[in-house]
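A.B. asks: Here it is, the structure, as structure tokens.
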Amino acid sequence: MKKSQEKISIVVPCYNEEESLPIFYKEINKVAAELKDVLFEFLFINDGSSDNTLKILRKLAKKDKRARYISFSRNFGKEAGMYAGLSSATGDYVAIMDADMQDPPSMLISMYHGIVDEGYDCVALYTSSHDDYSVLRKFFTKCWYKLISLISSTPQVPGARDFRLMKRKMVQAIVDMGEYNRYTKGIFSFVGFDTKWINYQAPDRVAGKSKFNFIKLFKYALEGIVAFSTTPLVISAFLGIIFCLIAFIAILVIIIKTLFLGDPVSGWPSLACIIIFMGGVQLFFLGVIGMYLSKTYLEVKKRPIYIVKETEKDFM
């Protein structure tokens with residue numbers, strides 16, 4: 001019996017990528033032509049774009065039967081876009097890529113051979129240099145990876161990109177993790193599977209600007225901590241015990257000094273500073289606990305990760 005032809009699904013989350021899409025489509029077609037023995041599916045996820053991204057995707061779907069798209073009812077974020085793409089992809093292998101060409105389509109060829117010829121379940125890319133990052137962002141990025149490797153039981157490769165090619169089994173394992181608060185970099189690591197890592201120099205964007213500013217990246221970092229580590233809760237409990245012991249010892253010292261040494265209790269300025277400090281610590285860890293509770297609250301409500309407004313089938 002003749003083996004059926006294998007298929008690669010390319011999942012491309014898009015948010016205001018009208019300038020990048022024609023360039024990306026041209027380059028991904030070159031890859032598809034080189035891997036002529038493999039079928040391709042191009043699955044674009046329009047994440048509530050406000051430019052002409054959707055119009056371009058409609059045109060692509062009409063002229064190329066390999067091109068599909070899912071358009072959200074509003075902007076749900078890249079995490080939702082990746083989940084929608086992975087859930088809807090039909091290929092034996094699935095790749096996640098950005099349309100801005102910082103994930104070079106030409107890399108797919110060596111990634112595909114890494115899975116087929118070398119037996120890996122996944123081939124992923126990481127970059128050890130960030131020439132387009134500011135000094136401040138480089139510093140915080142380095143600190144972030146050190147922190148998450150220290151407090152999380154799920155290891156994460158520094159500089160890891162979302163750009164990767166995976167076997168169907170790994171994709172299904174990721175899709176089965178249908179949690180609302182998604183931190184996909186952690187999920188990739190959590191599901192395991194044999195992964196080959198390739199170091200590469202990410203090129204500049206071909207058009208537009210990055211949608212992730214410092215504040216969004218900071219929030220994303222917090223998502224990773226809350227999603228894959230309970231260490232902050234352990235720290236808050238540990239510090240609570242330590243401060244209770246310090247307070248107990250301080251009370252004993254004050255009693256002894258007052259009863260036996262006749263030393264009156266004094267020092268209102270220092271006392272005020274201690275109260276303010278302790279109040280700040282308490283509020284900080286209440287905020288930490290509140291973050292975990294808020295994530296639990298969102299999970300319990302079972303809201304959809306995304307809402308589909310339109311697909312290519314609506315215009316067939």
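Ordering of the structure tokens sets the chain letters (A, B, ...), residue numbers begin anew at 1 in every chain, and ligands are numbered from 1 in the order given.
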DSSP says strand (DSSP E or B) for which residues of range 34-247 of chain A? Put them as number ranges by chain?

C.D. replies: A: 39-46, 67-72, 93-96, 122-126, 160-167, 195-199

A.B. asks: Would you mind reading off the distance between CA of Pro158 in chain A and CA of Tyr183 in chain A, one decimal, in Å?

C.D. replies: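 Separating CA of Pro158 in chain A from CA of Tyr183 in chain A is a distance of 15.2 Å.
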
A.B. asks: Go through A:Ile23, A:Ser189, A:Asn75, A:Ala89 one by one, measure the shortest atom-to-atom distance of each to Ser149 in chain A using only C-alpha atoms, and give the residue with the smallest value.

C.D. replies: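 Going through A:Ile23, A:Ser189, A:Asn75, A:Ala89 one by one, the smallest distance to Ser149 in chain A is for A:Ser189.
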
A.B. asks: Using only C-alpha atoms, which of the listed residues (A:Glu17, A:Pro232, A:Asn181, A:Leu150) sits closest to Gly290 in chain A?

C.D. replies: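 Going through A:Glu17, A:Pro232, A:Asn181, A:Leu150 one by one, the smallest distance to Gly290 in chain A is for A:Pro232.
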
A.B. asks: Tell me which of A:Asp121, A:Asp103, A:Glu41, A:Asp51 sits closest to Ser88 in chain A, counting only C-alpha atoms.

C.D. replies: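 Residue with the minimum atom-to-atom distance to Ser88 in chain A: A:Glu41.
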
A.B. asks: Which residues, written as a list of chain:residue names, have at least one atom at most 12 Å from Glu27 in chain A, with only C-alpha atoms counted and residues fewer than 6 positions away on the same chain left out?

C.D. replies: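 Counting only the stated atoms, we get A:Ser20, A:Leu21, A:Ala33, A:Glu34, A:Ala99, A:Asp100, A:Met101, A:Asp103, A:Pro104, A:Pro105, A:Ser106, A:Met107, A:Leu108.
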
A.B. asks: Between A:Ser9, A:Tyr180, A:Phe190, A:Leu43, which one has atoms that come closest to Lys302 in chain A, using only C-alpha atoms?

C.D. replies: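 Smallest separation from Lys302 in chain A among the options: A:Tyr180.
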
A.B. asks: I'd like the interatomic distance between CA of Val226 in chain A and CA of Lys295 in chain A, to a tenth of an Å.

C.D. replies: 8.2 Å

A.B. asks: Pick the closest to Phe188 in chain A from A:Asp162, A:Glu310, A:Glu6, A:Glu118: which is it, counting only C-alpha atoms?

C.D. replies: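 Answer, going by the shortest atom-to-atom distance: A:Asp162.
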
A.B. asks: My list of candidates is A:Tyr145, A:Phe76, A:Tyr200, A:Phe243. Which is closest to Lys185 in chain A when distances are computed with only C-alpha atoms?

C.D. replies: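 Nearest candidate to Lys185 in chain A out of A:Tyr145, A:Phe76, A:Tyr200, A:Phe243: A:Tyr145.
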